[in-house]
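Participant: Can you keep this structure in mind? I'll have questions shortly.
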Amino acid sequence: MLAAESRKKSYVDPKRQEIDFQIRDMVFLRVSPMKGMKRFGKKGKLSQRFIGPFEILERIGQVGYRLAKTPALAAVHDVFHVLMLQKYVSDSSHILSYEALEL
């Protein structure tokens, strides 16, 4: 029994990573659709996988984080598990410039 446990542990450990965020970090919130379930008013294969970015306000325990939400998400609880979050890395090339068109 111990040999089987140690073998399984040796397979899982290289893939395991510690996810840790700091207060004031910006993160995306995972809202990928679950089968037959409608989340945040979206349903289907082409709906958004992540929304945000949101700011982390505080850490709750070892795996919970409280986020600063928008008023549109007022009905959703504000504490999320670490696996529901993805780090937001800001990049100035992601910002689209808006130019007015004359018709």
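Ligands are numbered from 1 in the order shown, chains are lettered A, B, ... in the order of the structure tokens, and residues start at 1 in each chain.
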Among chain A, which residues carry a DSSP assignment of alpha helix (DSSP H), reported as a PyMOL selection string?

Facilitator: chain A and resi 2-12

Participant: Excluding Asp25 of chain A and its own-chain neighbours fewer than 3 positions away, which residues fall within 7 Å of it when counting only C-alpha atoms? Please give them as a CSV table (one decimal) with all heavy atoms, in the first residue's frame.

Facilitator:
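Done, and the output landed in part_21.csv:
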chain,number,residue,atom,x,y,z
A,21,PHE,N,-0.9,34.5,-4.8
A,21,PHE,CA,-1.1,35.9,-5.2
A,21,PHE,C,-0.9,36.8,-4.0
A,21,PHE,O,-1.1,36.5,-2.9
A,21,PHE,CB,-2.5,36.1,-5.8
A,21,PHE,CG,-2.8,35.3,-7.0
A,21,PHE,CD1,-3.7,34.2,-6.9
A,21,PHE,CD2,-2.2,35.5,-8.2
A,21,PHE,CE1,-4.0,33.4,-8.0
A,21,PHE,CE2,-2.5,34.7,-9.3
A,21,PHE,CZ,-3.4,33.7,-9.2
A,22,GLN,N,-0.5,38.1,-4.4
A,22,GLN,CA,-0.3,39.1,-3.3
A,22,GLN,C,-1.5,40.0,-3.4
A,22,GLN,O,-2.2,40.1,-4.4
A,22,GLN,CB,1.0,39.9,-3.6
A,22,GLN,CG,2.3,39.0,-3.7
A,22,GLN,CD,2.5,38.3,-2.4
A,22,GLN,OE1,2.3,38.9,-1.3
A,22,GLN,NE2,3.0,37.1,-2.5
A,55,GLU,N,-9.0,43.2,-8.9
A,55,GLU,CA,-7.9,43.4,-7.9
A,55,GLU,C,-8.2,42.5,-6.7
A,55,GLU,O,-9.3,42.4,-6.3
A,55,GLU,CB,-7.9,44.9,-7.5
A,55,GLU,CG,-6.8,45.2,-6.5
A,55,GLU,CD,-6.8,46.7,-6.1
A,55,GLU,OE1,-7.6,47.4,-6.6
A,55,GLU,OE2,-6.0,47.0,-5.2
A,56,ILE,N,-7.1,41.9,-6.2
A,56,ILE,CA,-7.2,41.1,-5.0
A,56,ILE,C,-7.2,42.0,-3.7
A,56,ILE,O,-6.3,42.8,-3.6
A,56,ILE,CB,-6.1,40.1,-4.9
A,56,ILE,CG1,-6.2,39.1,-6.0
A,56,ILE,CG2,-6.1,39.4,-3.5
A,56,ILE,CD1,-5.2,38.0,-6.0

Participant: From a backbone DSSP assignment, name each residue in chain A labelled strand (DSSP E or B), as number ranges by chain.

Facilitator: A: 26-30, 39, 42, 50-60, 64-68, 79-81, 85-87

Participant: Skipping near chain neighbours, those fewer than 3 positions away, what residues fall within 10 Å of Gln62 of chain A using only C-alpha atoms, listed as a PDB file with N, CA and C atoms, in the first residue's frame?

Facilitator:
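And here is the file that came out, around.pdb:
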ATOM      1  N   ASP A  20       0.236  31.380  -5.722  1.00  0.00           N
ATOM      2  CA  ASP A  20       0.167  32.361  -4.656  1.00  0.00           C
ATOM      3  C   ASP A  20       0.057  33.747  -5.258  1.00  0.00           C
ATOM      4  N   ARG A  59      -6.517  37.971   1.389  1.00  0.00           N
ATOM      5  CA  ARG A  59      -6.398  36.518   1.316  1.00  0.00           C
ATOM      6  C   ARG A  59      -7.223  35.907   2.442  1.00  0.00           C
ATOM      7  N   TYR A  65      -9.410  33.940  -1.947  1.00  0.00           N
ATOM      8  CA  TYR A  65      -9.057  35.331  -2.171  1.00  0.00           C
ATOM      9  C   TYR A  65     -10.330  36.148  -2.360  1.00  0.00           C
ATOM     10  N   HIS A  81     -11.830  30.575  -4.945  1.00  0.00           N
ATOM     11  CA  HIS A  81     -10.736  29.626  -4.762  1.00  0.00           C
ATOM     12  C   HIS A  81      -9.596  30.005  -5.703  1.00  0.00           C
ATOM     13  N   VAL A  82      -8.375  29.690  -5.315  1.00  0.00           N
ATOM     14  CA  VAL A  82      -7.191  30.055  -6.079  1.00  0.00           C
ATOM     15  C   VAL A  82      -7.213  29.437  -7.477  1.00  0.00           C
TER      16      VAL A  82
END

Participant: Between atom CA of Lys69 of chain A and atom CA of Leu57 of chain A, what is the spacing in Å?

Facilitator: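 That distance, rounded to one decimal, is 10.0 Å.
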
Participant: Give me, please, the distance in Å between atom CA of Glu58 of chain A and atom CA of Ile23 of chain A, quoted to one decimal.

Facilitator: 5.8 Å

Participant: Calculate how many Å separate atom CA of Val79 of chain A from atom CA of Asp91 of chain A, rounding to one decimal.

Facilitator: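 Value for the atom CA of Val79 of chain A-atom CA of Asp91 of chain A distance: 26.6 Å.
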
Participant: Looking at A:Met26, A:Leu73, A:Val31, A:Leu46, which one is nearest to Tyr88 of chain A, with distances taken over only C-alpha atoms?

Facilitator: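 The closest residue to Tyr88 of chain A is A:Met26.
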
Participant: Quick one: residues within 8 Å of Asp78 of chain A, only C-alpha atoms counted, chain neighbours fewer than 3 positions away excluded, as a PyMOL selection string?

Facilitator: chain A and resi 66-69
